[in-house]
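Okay, data32.txt is below, compact mmCIF, C-alpha atoms and all ligand atoms:
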# COMPACT_ATOMS: atom_id res chain seq x y z
CA MET A 261 3.82 -136.51 -69.06
CA ALA A 262 1.01 -134.47 -67.55
CA GLU A 263 -1.32 -137.43 -68.09
CA HIS A 264 0.92 -140.10 -66.57
CA LEU A 265 3.05 -138.21 -64.05
CA GLY A 266 1.09 -135.01 -63.40
CA HIS A 267 -0.32 -136.35 -60.11
CA LEU A 268 3.21 -136.81 -58.74
CA VAL A 269 4.74 -133.38 -59.23
CA GLY A 270 4.59 -130.12 -57.37
CA GLY A 271 3.68 -127.35 -59.85
CA THR A 272 3.25 -127.76 -63.58
CA VAL A 273 4.86 -130.37 -65.81
CA ALA A 274 7.32 -128.28 -67.80
CA GLY A 275 11.03 -128.63 -68.48
CA SER A 276 13.82 -126.32 -67.36
CA PRO A 277 14.20 -123.49 -69.86
CA SER A 278 17.99 -123.73 -69.64
CA ILE A 279 18.89 -127.41 -69.08
CA ARG A 280 17.64 -130.31 -71.21
CA GLY A 281 17.91 -133.98 -70.36
CA GLY A 282 19.40 -136.66 -72.61
CA GLN A 283 22.78 -138.05 -73.57
CA HIS A 284 23.14 -135.66 -76.53
CA SER A 285 22.66 -132.64 -74.30
CA ALA A 286 25.08 -134.07 -71.74
CA ASP A 287 27.75 -134.74 -74.37
CA ALA A 288 27.22 -131.33 -75.96
CA ALA A 289 27.51 -129.59 -72.58
CA LEU A 290 30.78 -131.38 -71.86
CA VAL A 291 32.26 -130.63 -75.29
CA SER A 292 31.35 -126.95 -75.07
CA PHE A 293 32.66 -126.49 -71.52
CA ASP A 294 35.87 -124.48 -71.52
CA VAL A 295 37.79 -124.86 -68.28
CA ARG A 296 39.85 -121.71 -68.94
CA GLY A 297 39.16 -119.15 -66.23
CA TYR A 298 37.30 -121.67 -64.04
CA ALA A 299 39.42 -121.08 -60.93
CA ALA A 300 38.84 -117.32 -60.98
CA ARG A 301 35.18 -117.38 -62.04
CA ARG A 302 33.68 -120.49 -60.46
CA ASN A 303 32.04 -118.48 -57.69
CA GLU A 304 30.69 -115.63 -59.82
CA VAL A 305 26.94 -115.16 -59.64
CA SER A 306 26.02 -112.13 -61.76
CA PRO A 307 26.11 -111.18 -64.56
CA VAL A 308 25.55 -114.69 -65.88
CA GLU A 309 28.22 -114.26 -68.59
CA ARG A 310 30.89 -113.93 -65.92
CA ARG A 311 30.10 -117.31 -64.41
CA GLY A 312 32.78 -119.97 -64.77
CA ALA A 313 30.69 -122.89 -63.45
CA SER A 314 30.19 -125.72 -65.95
CA GLN A 315 26.49 -126.46 -65.24
CA LEU A 316 27.30 -130.14 -65.79
CA SER A 317 25.85 -131.20 -62.44
CA PRO A 318 22.44 -132.55 -63.61
CA TYR A 319 24.23 -134.85 -66.07
CA ILE A 320 26.77 -135.95 -63.47
CA ARG A 321 24.01 -136.50 -60.93
CA HIS A 322 22.09 -138.89 -63.18
CA GLY A 323 25.10 -140.75 -64.52
CA LEU A 324 24.93 -139.32 -68.05
CA LEU A 325 28.48 -138.13 -67.47
CA ALA A 326 30.79 -140.26 -65.35
CA LEU A 327 33.19 -138.32 -63.14
CA GLY A 328 36.14 -140.05 -64.80
CA GLU A 329 35.01 -138.90 -68.23
CA VAL A 330 34.60 -135.30 -67.05
CA TRP A 331 37.99 -135.49 -65.32
CA ASP A 332 39.66 -136.57 -68.58
CA ALA A 333 37.81 -134.02 -70.70
CA VAL A 334 39.60 -131.04 -69.11
CA ALA A 335 43.10 -132.49 -69.59
CA GLY A 336 45.41 -130.03 -71.32
CA GLY A 337 43.67 -126.91 -69.94
CA PRO A 338 45.50 -124.30 -67.83
CA GLY A 339 46.99 -126.06 -64.78
CA ARG A 340 45.32 -123.92 -62.10
CA ASP A 341 41.89 -124.21 -63.71
CA VAL A 342 42.18 -127.93 -64.28
CA GLN A 343 43.28 -128.48 -60.70
CA LYS A 344 40.45 -126.40 -59.24
CA PHE A 345 37.86 -128.09 -61.45
CA ARG A 346 39.12 -131.58 -60.62
CA ASP A 347 39.06 -130.65 -56.93
CA GLU A 348 35.34 -129.99 -57.31
CA LEU A 349 34.85 -133.33 -59.04
CA LEU A 350 36.54 -134.86 -56.02
CA TRP A 351 34.01 -133.08 -53.79
CA GLN A 352 31.28 -134.85 -55.74
CA GLU A 353 33.10 -138.14 -55.33
CA TYR A 354 33.55 -137.42 -51.63
CA ALA A 355 29.80 -136.71 -51.31
CA ARG A 356 29.08 -140.13 -52.81
CA HIS A 357 31.54 -141.93 -50.53
CA TRP A 358 30.25 -139.94 -47.52
CA TYR A 359 26.64 -140.89 -48.29
CA ALA A 360 27.53 -144.54 -48.97
CA ARG A 361 29.08 -144.69 -45.50
CA LEU A 362 26.37 -142.74 -43.70
CA GLY A 363 23.17 -143.68 -45.51
CA PRO A 364 20.06 -142.45 -43.67
CA ALA A 365 22.23 -141.14 -40.78
CA SER A 366 23.30 -138.30 -43.11
CA ALA A 367 19.89 -136.76 -42.34
CA GLU A 368 20.98 -136.00 -38.76
CA PRO A 369 23.54 -133.31 -37.81
CA LEU A 370 26.91 -135.05 -37.77
CA ARG A 371 29.07 -132.95 -35.45
CA ARG A 372 26.76 -130.52 -33.65
CA ARG A 373 23.16 -129.39 -33.68
CA LEU A 374 21.51 -126.05 -33.02
CA ALA A 375 20.59 -125.72 -29.34
CA THR A 376 17.17 -124.44 -30.46
CA THR A 377 15.55 -124.13 -33.87
CA GLU A 378 13.32 -121.30 -35.00
CA PRO A 379 9.99 -121.60 -36.86
CA GLY A 380 9.45 -120.06 -40.28
CA ASP A 381 9.98 -120.96 -43.86
CA GLY A 382 11.44 -119.53 -47.06
CA TRP A 383 13.66 -116.57 -47.80
CA ASP A 384 12.92 -112.83 -47.57
CA PRO A 385 11.66 -111.91 -51.06
CA THR A 386 12.49 -108.24 -50.52
CA MET A 387 16.22 -109.03 -50.40
CA ARG A 388 17.53 -109.00 -53.94
CA CYS A 389 20.38 -111.49 -53.32
CA LEU A 390 18.07 -114.12 -51.86
CA ASN A 391 15.13 -113.50 -54.13
CA GLU A 392 17.20 -113.77 -57.33
CA ALA A 393 18.62 -117.07 -56.11
CA VAL A 394 15.22 -118.51 -55.19
CA ALA A 395 13.82 -117.40 -58.56
CA GLU A 396 16.64 -119.19 -60.39
CA LEU A 397 16.20 -122.31 -58.27
CA GLU A 398 12.50 -122.48 -59.02
CA HIS A 399 12.65 -121.32 -62.64
CA ASP A 400 15.71 -123.20 -63.93
CA GLY A 401 16.15 -125.96 -61.34
CA TRP A 402 19.80 -125.10 -60.85
CA LEU A 403 22.04 -122.74 -58.85
CA VAL A 404 25.75 -121.96 -58.76
CA ASN A 405 27.50 -123.19 -55.62
CA GLN A 406 27.77 -119.66 -54.22
CA THR A 407 24.03 -118.97 -54.13
CA ARG A 408 23.36 -122.43 -52.69
CA MET A 409 25.63 -121.39 -49.83
CA TRP A 410 23.87 -118.04 -49.43
CA LEU A 411 20.44 -119.65 -49.19
CA ALA A 412 21.54 -122.46 -46.85
CA SER A 413 23.41 -120.02 -44.62
CA ASP A 414 20.51 -117.58 -44.47
CA TRP A 415 18.12 -120.41 -43.58
CA THR A 416 20.05 -122.00 -40.73
CA VAL A 417 23.05 -119.85 -39.73
CA ARG A 418 21.13 -116.55 -39.75
CA HIS A 419 17.58 -117.66 -39.00
CA GLY A 420 18.21 -120.80 -36.97
CA ARG A 421 15.76 -122.88 -39.00
CA ASN A 422 15.83 -126.65 -39.22
CA TRP A 423 18.24 -127.42 -42.08
CA ARG A 424 16.28 -130.48 -43.21
CA ARG A 425 13.36 -128.39 -44.40
CA GLY A 426 15.71 -126.20 -46.43
CA GLU A 427 17.50 -129.23 -47.80
CA ASP A 428 14.18 -130.77 -48.86
CA ARG A 429 13.24 -127.52 -50.55
CA PHE A 430 16.45 -127.61 -52.61
CA PHE A 431 15.94 -131.29 -53.35
CA ARG A 432 12.48 -130.68 -54.74
CA HIS A 433 13.69 -128.11 -57.25
CA LEU A 434 17.27 -128.98 -58.21
CA LEU A 435 17.80 -130.99 -61.40
CA ASP A 436 21.01 -132.22 -59.79
CA GLY A 437 19.35 -132.78 -56.40
CA SER A 438 21.00 -135.75 -54.69
CA ARG A 439 20.83 -136.65 -51.02
CA ALA A 440 24.60 -137.13 -51.14
CA ALA A 441 25.74 -133.70 -52.39
CA ASN A 442 22.74 -131.76 -51.10
CA ARG A 443 22.99 -133.05 -47.54
CA LEU A 444 26.76 -132.69 -47.55
CA GLY A 445 26.38 -129.11 -48.85
CA TRP A 446 23.88 -128.23 -46.11
CA GLN A 447 25.83 -129.97 -43.34
CA TRP A 448 29.01 -128.23 -44.49
CA THR A 449 27.56 -124.71 -44.98
CA THR A 450 25.62 -124.68 -41.72
CA GLY A 451 28.56 -126.01 -39.66
CA LEU A 452 26.44 -128.92 -38.41
CA GLY A 453 28.77 -131.35 -40.12
CA SER A 454 31.89 -129.22 -40.63
CA ALA A 455 34.44 -127.27 -38.61
CA LYS A 456 32.52 -123.96 -38.69
CA PRO A 457 29.41 -122.40 -40.25
CA TYR A 458 29.58 -120.21 -43.36
CA GLY A 459 28.01 -116.83 -42.67
CA VAL A 460 26.50 -115.11 -45.68
CA SER A 461 26.91 -111.35 -45.54
CA ARG A 462 26.77 -108.31 -47.79
CA TRP A 463 30.40 -108.26 -48.87
CA GLN A 464 30.06 -111.64 -50.60
CA VAL A 465 27.05 -110.37 -52.54
CA GLU A 466 28.88 -107.20 -53.57
CA LYS A 467 31.86 -109.26 -54.70
CA ARG A 468 30.01 -112.00 -56.57
CA ALA A 469 27.01 -110.07 -57.91
CA PRO A 470 28.18 -106.47 -58.26
CA GLY A 471 25.30 -104.01 -58.60
CA TRP A 472 22.64 -106.09 -56.84
CA CYS A 473 22.99 -104.35 -53.49
CA GLN A 474 22.65 -100.89 -55.08
CA GLN A 475 19.32 -101.96 -56.61
CA CYS A 476 18.04 -103.61 -53.43
CA SER A 477 15.39 -101.98 -51.25
CA HIS A 478 17.61 -102.73 -48.24
CA ARG A 479 20.69 -101.01 -49.66
CA ASP A 480 20.83 -98.44 -46.80
CA ALA A 481 19.96 -100.86 -44.00
CA CYS A 482 21.06 -104.30 -45.11
CA PRO A 483 19.95 -107.11 -42.77
CA ILE A 484 23.09 -109.06 -43.67
CA GLU A 485 25.51 -106.14 -43.48
CA ASP A 486 27.59 -107.78 -40.76
CA TRP A 487 28.87 -111.24 -40.06
CA PRO A 488 26.11 -113.23 -38.28
CA ASP A 489 26.47 -114.05 -34.58
CA GLU A 490 27.20 -117.71 -33.91
CA ARG A 491 24.17 -119.60 -32.63
CA PRO A 492 24.53 -121.85 -29.60
CA MET A 493 25.30 -125.40 -30.69
CA VAL A 494 25.40 -128.76 -28.92
CA SER A 495 27.98 -131.41 -29.87
CA VAL A 496 26.69 -134.76 -31.11
CA GLU A 497 28.32 -138.15 -31.64
CA TRP A 498 29.29 -139.20 -35.17
CA PRO A 499 26.72 -141.90 -36.10
CA ARG A 500 27.38 -145.55 -36.70
CA GLU A 501 28.49 -146.00 -40.28
CA VAL A 502 27.09 -148.44 -42.87
CA ASP A 503 28.57 -149.70 -46.12
CA LEU A 504 26.60 -149.10 -49.29
CA THR A 505 29.62 -148.97 -51.60
CA GLY A 506 28.69 -152.21 -53.37
CA PRO A 507 30.72 -154.87 -55.15
CA ASP A 508 34.13 -154.15 -56.67
CA ARG A 509 33.60 -156.62 -59.53
CA VAL A 510 30.67 -157.94 -61.56
CA VAL A 511 28.57 -160.37 -59.53
CA VAL A 512 26.68 -162.92 -61.65
CA HIS A 513 24.01 -165.27 -60.27
CA ARG A 514 22.13 -166.20 -63.45
CA GLU A 515 21.43 -165.09 -67.01
CA PRO A 516 19.69 -161.66 -67.13
CA ASP A 517 16.76 -160.88 -69.44
CA THR A 518 16.41 -157.13 -68.72
CA VAL A 519 18.70 -154.23 -67.80
CA TRP A 520 17.28 -152.29 -64.85
CA LEU A 521 18.09 -148.60 -65.10
CA THR A 522 18.05 -146.41 -62.01
CA ALA A 523 17.98 -142.61 -61.78
CA GLU A 524 21.60 -142.74 -60.58
CA SER A 525 22.86 -144.20 -63.83
CA LEU A 526 20.96 -143.25 -66.97
CA GLY A 527 23.84 -142.74 -69.40
CA ASN A 528 24.43 -144.76 -72.56
CA ASN A 529 27.63 -145.94 -70.86
CA ASP A 530 25.87 -147.36 -67.83
CA PRO A 531 28.00 -150.48 -67.15
CA ALA A 532 25.07 -152.94 -67.09
CA LEU A 533 23.57 -151.39 -70.23
CA ALA A 534 26.91 -151.47 -72.06
CA ALA A 535 27.46 -155.12 -71.07
CA HIS A 536 24.10 -156.17 -72.62
CA PRO A 537 23.55 -154.18 -75.79
CA LYS A 538 20.84 -156.60 -77.02
CA LEU A 539 18.69 -156.78 -73.88
CA PRO A 540 15.72 -154.50 -73.33
CA ALA A 541 16.14 -151.91 -70.59
CA ALA A 542 13.51 -150.95 -68.01
CA PHE A 543 13.09 -147.84 -65.90
CA VAL A 544 10.45 -147.45 -63.22
CA PHE A 545 9.11 -144.09 -62.11
CA ASP A 546 8.81 -145.01 -58.46
CA GLU A 547 5.24 -143.89 -57.80
CA PRO A 548 5.13 -144.30 -54.00
CA LEU A 549 8.48 -142.48 -53.63
CA LEU A 550 7.57 -139.68 -56.05
CA ALA A 551 4.19 -139.22 -54.38
CA ARG A 552 6.06 -138.58 -51.13
CA LEU A 553 8.76 -136.34 -52.61
CA ARG A 554 6.55 -134.18 -54.86
CA LEU A 555 9.51 -133.11 -56.97
CA ASP A 556 9.20 -130.16 -59.26
CA GLY A 557 8.02 -131.17 -62.75
CA LYS A 558 11.35 -130.10 -64.27
CA ARG A 559 13.20 -133.08 -62.83
CA LEU A 560 10.69 -135.58 -64.23
CA VAL A 561 10.84 -133.87 -67.61
CA PHE A 562 14.65 -134.10 -67.48
CA LEU A 563 14.45 -137.82 -66.73
CA THR A 564 11.86 -138.41 -69.44
CA GLU A 565 13.88 -136.52 -72.05
CA THR A 566 16.79 -138.79 -71.17
CA LEU A 567 14.71 -141.97 -71.43
CA VAL A 568 13.09 -140.93 -74.70
CA GLU A 569 16.53 -140.46 -76.23
CA LEU A 570 17.68 -143.81 -74.97
CA ALA A 571 14.58 -145.42 -76.50
CA GLU A 572 15.80 -144.26 -79.90
CA VAL A 573 18.86 -146.50 -79.68
CA ARG A 574 17.53 -149.59 -77.87
CA PRO A 575 14.32 -151.21 -76.62
CA LEU A 576 13.20 -149.47 -73.43
CA GLU A 577 10.21 -149.97 -71.15
CA ILE A 578 9.05 -147.18 -68.89
CA HIS A 579 6.94 -148.28 -65.92
CA LEU A 580 5.02 -146.36 -63.30
CA GLY A 581 4.62 -148.07 -59.92
CA ASP A 582 6.73 -149.71 -57.25
CA PRO A 583 9.99 -151.03 -58.81
CA VAL A 584 9.88 -154.09 -56.55
CA VAL A 585 6.46 -154.99 -57.94
CA GLU A 586 6.96 -153.86 -61.53
CA LEU A 587 10.21 -155.79 -62.02
CA ALA A 588 9.41 -158.77 -59.79
CA ASP A 589 9.29 -161.36 -62.59
CA ARG A 590 12.49 -160.18 -64.34
CA SER A 591 16.00 -161.47 -64.26
CA LEU A 592 17.84 -158.17 -63.92
CA ALA A 593 21.27 -156.86 -64.82
CA VAL A 594 21.91 -153.61 -62.97
CA THR A 595 24.64 -151.17 -61.99
CA HIS A 596 24.95 -150.91 -58.22
CA ALA A 597 23.99 -147.45 -56.92
CA PRO A 598 25.67 -146.53 -53.61
CA VAL A 599 22.49 -145.14 -52.02
CA PRO A 600 20.07 -146.61 -49.45
CA GLY A 601 17.10 -146.68 -51.85
CA PHE A 602 18.94 -148.98 -54.22
CA GLU A 603 20.03 -151.26 -51.41
CA THR A 604 16.47 -151.90 -50.21
CA ARG A 605 15.01 -152.41 -53.68
CA ALA A 606 17.89 -154.63 -54.83
CA ALA A 607 17.51 -156.74 -51.68
CA ALA A 608 13.90 -157.45 -52.71
CA LEU A 609 14.58 -157.91 -56.45
CA THR A 610 17.79 -160.00 -56.09
CA PRO A 611 19.38 -158.99 -59.43
CA ALA A 612 20.84 -161.70 -61.66
CA GLU A 613 23.92 -159.61 -62.37
CA THR A 614 25.25 -156.56 -60.52
CA HIS A 615 27.90 -154.29 -61.96
CA PRO A 616 30.07 -152.18 -59.67
CA TRP A 617 29.45 -148.45 -59.39
CA PRO A 618 31.99 -146.59 -61.59
CA TRP A 619 33.90 -144.84 -58.79
CA LEU A 620 36.44 -142.15 -59.56
CA ARG A 621 38.34 -143.25 -56.45
CA PRO A 622 37.81 -146.80 -55.20
CA PRO A 623 36.21 -146.97 -51.73
CA ARG A 624 38.66 -147.28 -48.81
CA PRO A 625 37.98 -147.99 -45.17
CA GLY A 626 39.53 -144.62 -44.05
CA SER A 627 37.69 -141.63 -42.56
CA VAL A 628 34.89 -139.75 -44.33
CA ARG A 629 34.55 -137.22 -41.50
CA SER A 630 36.07 -134.42 -43.59
CA PHE A 631 37.00 -133.90 -47.22
CA SER A 632 40.69 -133.54 -46.38
CA ALA A 633 40.77 -136.75 -44.27
CA TRP A 634 38.94 -138.67 -47.00
CA ARG A 635 41.17 -137.24 -49.68
CA LYS A 636 44.35 -138.27 -47.88
CA GLY A 637 42.98 -141.82 -47.64
CA SER A 638 41.89 -141.97 -51.27
CA ASN A 639 45.23 -140.56 -52.53
CA ARG A 640 46.92 -143.59 -51.09
CA SER A 641 44.88 -145.85 -53.36
C1 LIG B 1 23.77 -126.17 -49.82
C2 LIG B 1 24.35 -126.91 -51.00
C3 LIG B 1 23.58 -127.85 -51.67
C4 LIG B 1 24.11 -128.55 -52.76
N1 LIG B 1 23.33 -129.50 -53.38
C5 LIG B 1 23.86 -130.24 -54.41
C6 LIG B 1 23.10 -131.27 -55.04
O1 LIG B 1 21.96 -131.58 -54.66
N2 LIG B 1 23.67 -131.92 -56.09
C7 LIG B 1 24.92 -131.64 -56.54
O2 LIG B 1 25.39 -132.27 -57.50
N3 LIG B 1 25.67 -130.69 -55.94
C8 LIG B 1 25.17 -129.98 -54.90
N4 LIG B 1 25.94 -129.00 -54.31
C9 LIG B 1 27.32 -128.83 -54.74
C10 LIG B 1 27.56 -127.77 -55.81
O3 LIG B 1 26.96 -126.56 -55.45
C11 LIG B 1 27.03 -128.17 -57.19
O4 LIG B 1 27.52 -129.46 -57.55
C12 LIG B 1 27.51 -127.20 -58.27
O5 LIG B 1 27.09 -125.90 -57.95
C13 LIG B 1 26.95 -127.62 -59.61
O6 LIG B 1 27.25 -126.68 -60.59
P1 LIG B 1 28.30 -126.97 -61.72
O7 LIG B 1 28.01 -128.24 -62.40
O8 LIG B 1 28.38 -125.75 -62.58
O9 LIG B 1 29.62 -127.11 -60.88
P2 LIG B 1 31.14 -126.86 -61.27
O10 LIG B 1 31.68 -125.80 -60.42
O11 LIG B 1 31.30 -126.69 -62.75
O12 LIG B 1 31.83 -128.23 -60.80
C14 LIG B 1 31.88 -129.39 -61.64
C15 LIG B 1 31.22 -130.54 -60.92
O13 LIG B 1 31.88 -130.79 -59.69
C16 LIG B 1 30.94 -131.22 -58.70
N5 LIG B 1 30.92 -130.23 -57.61
C17 LIG B 1 31.24 -128.92 -57.66
N6 LIG B 1 31.17 -128.37 -56.44
C18 LIG B 1 30.76 -129.34 -55.60
C19 LIG B 1 30.49 -129.40 -54.20
N7 LIG B 1 30.64 -128.34 -53.40
N8 LIG B 1 30.05 -130.57 -53.67
C20 LIG B 1 29.90 -131.67 -54.46
N9 LIG B 1 30.16 -131.67 -55.79
C21 LIG B 1 30.58 -130.53 -56.35
C22 LIG B 1 29.59 -131.28 -59.39
O14 LIG B 1 29.38 -132.59 -59.85
C23 LIG B 1 29.78 -130.32 -60.54
O15 LIG B 1 28.92 -130.58 -61.62
C24 LIG B 1 25.43 -128.28 -53.20
C25 LIG B 1 26.18 -127.31 -52.53
C26 LIG B 1 25.64 -126.63 -51.45
C27 LIG B 1 26.49 -125.59 -50.77
Using structure tokens, write down the structure that the file contains.
Ligand SMILES: Cc1cc2nc3c(=O)[nH]c(=O)nc-3n(C[C@H](O)[C@H](O)[C@H](O)COP(=O)(O)OP(=O)(O)OC[C@H]3O[C@@H](n4cnc5c(N)ncnc54)[C@H](O)[C@@H]3O)c2cc1C
Amino acid sequence: MAEHLGHLVGGTVAGSPSIRGGQHSADAALVSFDVRGYAARRNEVSPVERRGASQLSPYIRHGLLALGEVWDAVAGGPGRDVQKFRDELLWQEYARHWYARLGPASAEPLRRRLATTEPGDGWDPTMRCLNEAVAELEHDGWLVNQTRMWLASDWTVRHGRNWRRGEDRFFRHLLDGSRAANRLGWQWTTGLGSAKPYGVSRWQVEKRAPGWCQQCSHRDACPIEDWPDERPMVSVEWPREVDLTGPDRVVVHREPDTVWLTAESLGNNDPALAAHPKLPAAFVFDEPLLARLRLDGKRLVFLTETLVELAEVRPLEIHLGDPVVELADRSLAVTHAPVPGFETRAAALTPAETHPWPWLRPPRPGSVRSFSAWRKGSNRS
């Protein structure tokens, strides 16, 4: 990996010490997840043993686990826990619908923007709550939802920094980093795309990570002791929406000779892969894109571990280059991915056969302006 992909990563090429790629690891993580206690412990940060979060997100992000499969897997658990967990799966589904309707416009504040932004970068390493979270982000490539909110809130709500730089920072390190959930999370936490900002303050740290504040050098003069003051904001217009949701049935133009795998859908159950068990599959490490993104090496190791496992069960080619060039002479079967990057590449490659994205809730024309509005619309389906 260092030889072929080393020039594309930020930092060294090494995997996450706690999360491995591959279908086996995904299946094992799902089987061993116990939903009991999830509702009470989902937001716990420290000690790690108290956490109720499933840590399934990298597998969900890359399509190794479909949301429907995860939804079904918790059936029969305690009602309150199952409901809370499934609510979170619906947040993931909402993020995907939201992104498919906003596309690149999701990079701009949706409801209001900060009147002025402040310079500066990073998080104060002398604050235990922030430093522990940053260390976990960079070391493991994963964070519980609670510490994601602390870091995003500290960045923009407390320090008035441009949220996009913080979002990019997360995206570079998270194994589950997706523009859909990451941008939604930042827009929601900072209040730029939600009803009000979330203000991180000491009481949340004391509640979710008991003991940290006592061991912090700021314990007697905590900079986040009180609720932050609201920063002046300016309302903005909701942008013009697009539609990247894709087909609702298989679209066939000609006979395929290769299954094109994308980073959105790398599971053994990828619909295009499952429909053509005898065809070779091809994945392209998108060199121009990766050169721009400079992701942490952990994500590329995660993807490679996944591909290597897949290569044990069927013929697989791994390319490095521009997908539009690498796959130009192929007749491709592919699963639609509801993201702008897929749209542009598929427009150039004109796949022979496109399978619909495996939605948990089929796309509807209703509002995606808030989770509750979207949910009402999708319940009617
Ligand atoms: C600032 C910020 C950035 C985020 N960036 C991402 C990201 O890049 N990728 C990502 O998948 N999630 C992101 N999230 C959402 C959420 O924090 C993670 O999905 C969750 O922490 C993953 O851990 P888990 O698998 O243990 O989740 P669990 O609590 O076990 O939940 C199960 C699954 O539900 C989904 N889920 C849970 N909470 C959310 C949520 N708030 N929004 C969307 N889906 C959710 C995930 O697929 C998760 O794997 C972000 C949240 C915030 C506040």
Could you pull out the residues sitting within 6 Å of ligand LIG 1 (chain B), using only C-alpha atoms and all ligand atoms, and write them as an mmCIF file with C-alpha atoms, keeping the file's coordinate frame?
data_model
loop_
_atom_site.group_PDB
_atom_site.id
_atom_site.type_symbol
_atom_site.label_atom_id
_atom_site.label_comp_id
_atom_site.auth_asym_id
_atom_site.auth_seq_id
_atom_site.Cartn_x
_atom_site.Cartn_y
_atom_site.Cartn_z
ATOM 1 C CA ARG A 302 33.680 -120.490 -60.460
ATOM 2 C CA ALA A 313 30.690 -122.890 -63.450
ATOM 3 C CA SER A 314 30.190 -125.720 -65.950
ATOM 4 C CA GLN A 315 26.490 -126.460 -65.240
ATOM 5 C CA LEU A 316 27.300 -130.140 -65.790
ATOM 6 C CA SER A 317 25.850 -131.200 -62.440
ATOM 7 C CA ILE A 320 26.770 -135.950 -63.470
ATOM 8 C CA ARG A 321 24.010 -136.500 -60.930
ATOM 9 C CA GLU A 348 35.340 -129.990 -57.310
ATOM 10 C CA LEU A 349 34.850 -133.330 -59.040
ATOM 11 C CA TRP A 351 34.010 -133.080 -53.790
ATOM 12 C CA GLN A 352 31.280 -134.850 -55.740
ATOM 13 C CA ALA A 355 29.800 -136.710 -51.310
ATOM 14 C CA VAL A 404 25.750 -121.960 -58.760
ATOM 15 C CA ASN A 405 27.500 -123.190 -55.620
ATOM 16 C CA ARG A 408 23.360 -122.430 -52.690
ATOM 17 C CA MET A 409 25.630 -121.390 -49.830
ATOM 18 C CA ALA A 412 21.540 -122.460 -46.850
ATOM 19 C CA ASP A 436 21.010 -132.220 -59.790
ATOM 20 C CA GLY A 437 19.350 -132.780 -56.400
ATOM 21 C CA SER A 438 21.000 -135.750 -54.690
ATOM 22 C CA ALA A 441 25.740 -133.700 -52.390
ATOM 23 C CA ASN A 442 22.740 -131.760 -51.100
ATOM 24 C CA GLY A 445 26.380 -129.110 -48.850
ATOM 25 C CA TRP A 446 23.880 -128.230 -46.110
ATOM 26 C CA THR A 449 27.560 -124.710 -44.980
#
Wanna dump the range 358-405 of chain A-range 620-639 of chain A contacts at 10 Å for me, each residue with its shortest atom pair and the distance in Å to one decimal, counting all atoms listed in the file, ordered by chain and number, as CSV?
residue,atom,partner,partner_atom,distance
A:Trp358,CA,A:Val628,CA,5.6
A:Tyr359,CA,A:Val628,CA,9.2
A:Ala360,CA,A:Pro623,CA,9.4
A:Arg361,CA,A:Val628,CA,7.7
A:Leu362,CA,A:Val628,CA,9.1
A:Leu370,CA,A:Arg629,CA,8.8
A:Arg371,CA,A:Arg629,CA,9.2
For the residues in the current selection, export C-alpha atoms as a PDB file, in the frame of the given file.
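Everything below was put into again-v7.pdb:
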ATOM      1  CA  TRP A 358      30.250-139.940 -47.520  1.00  0.00           C
ATOM      2  CA  TYR A 359      26.640-140.890 -48.290  1.00  0.00           C
ATOM      3  CA  ALA A 360      27.530-144.540 -48.970  1.00  0.00           C
ATOM      4  CA  ARG A 361      29.080-144.690 -45.500  1.00  0.00           C
ATOM      5  CA  LEU A 362      26.370-142.740 -43.700  1.00  0.00           C
ATOM      6  CA  LEU A 370      26.910-135.050 -37.770  1.00  0.00           C
ATOM      7  CA  ARG A 371      29.070-132.950 -35.450  1.00  0.00           C
TER       8      ARG A 371
END
Inset, instruction - Mind checking which residues fall within 9 Å of Glu485 in chain A, counting only C-alpha atoms, ignoring those fewer than 2 positions away in the same chain, and posting them as a list in words? - result: Ser461, Arg462, Trp463, Ala481, Cys482, Pro483, Trp487 and Pro488 of chain A
Legend entry - Two-atom distance - CA of Pro369 in chain A, CA of Leu452 in chain A (Å):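 Straight-line distance from CA of Pro369 in chain A to CA of Leu452 in chain A works out to 5.3 Å.
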Inset, instruction - To one decimal in Å, tell me the separation between CA of Pro540 in chain A and CA of Val519 in chain A. - result: 6.3 Å
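Closest approach to Val295 in chain A from the set A:Ala333, A:Leu411, A:Ala262, A:Val269 is made by A:Ala333, with distances taken over all atoms listed in the file.
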Legend entry - Among the residues A:Leu592, A:Val561, A:Ile484, A:Ala542, the one that comes closest to His579 in chain A [using all atoms listed in the file]: A:Ala542
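Straight-line separation from CA of Arg372 in chain A to CA of Phe431 in chain A: 22.5 Å.
With all atoms listed in the file as the basis for measurement, A:Trp617 is the residue among A:Trp617, A:Phe562, A:Trp410, A:Phe293 that approaches Arg509 in chain A most closely.
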Inset, instruction - Please provide the set of residues having any atom within 8 Å of Arg443 in chain A, restricted to all atoms listed in the file, with same-chain residues fewer than 5 positions apart removed, written as a list of chain:residue names. - result: A:Ser366, A:Ala367, A:Glu427, A:Ser438
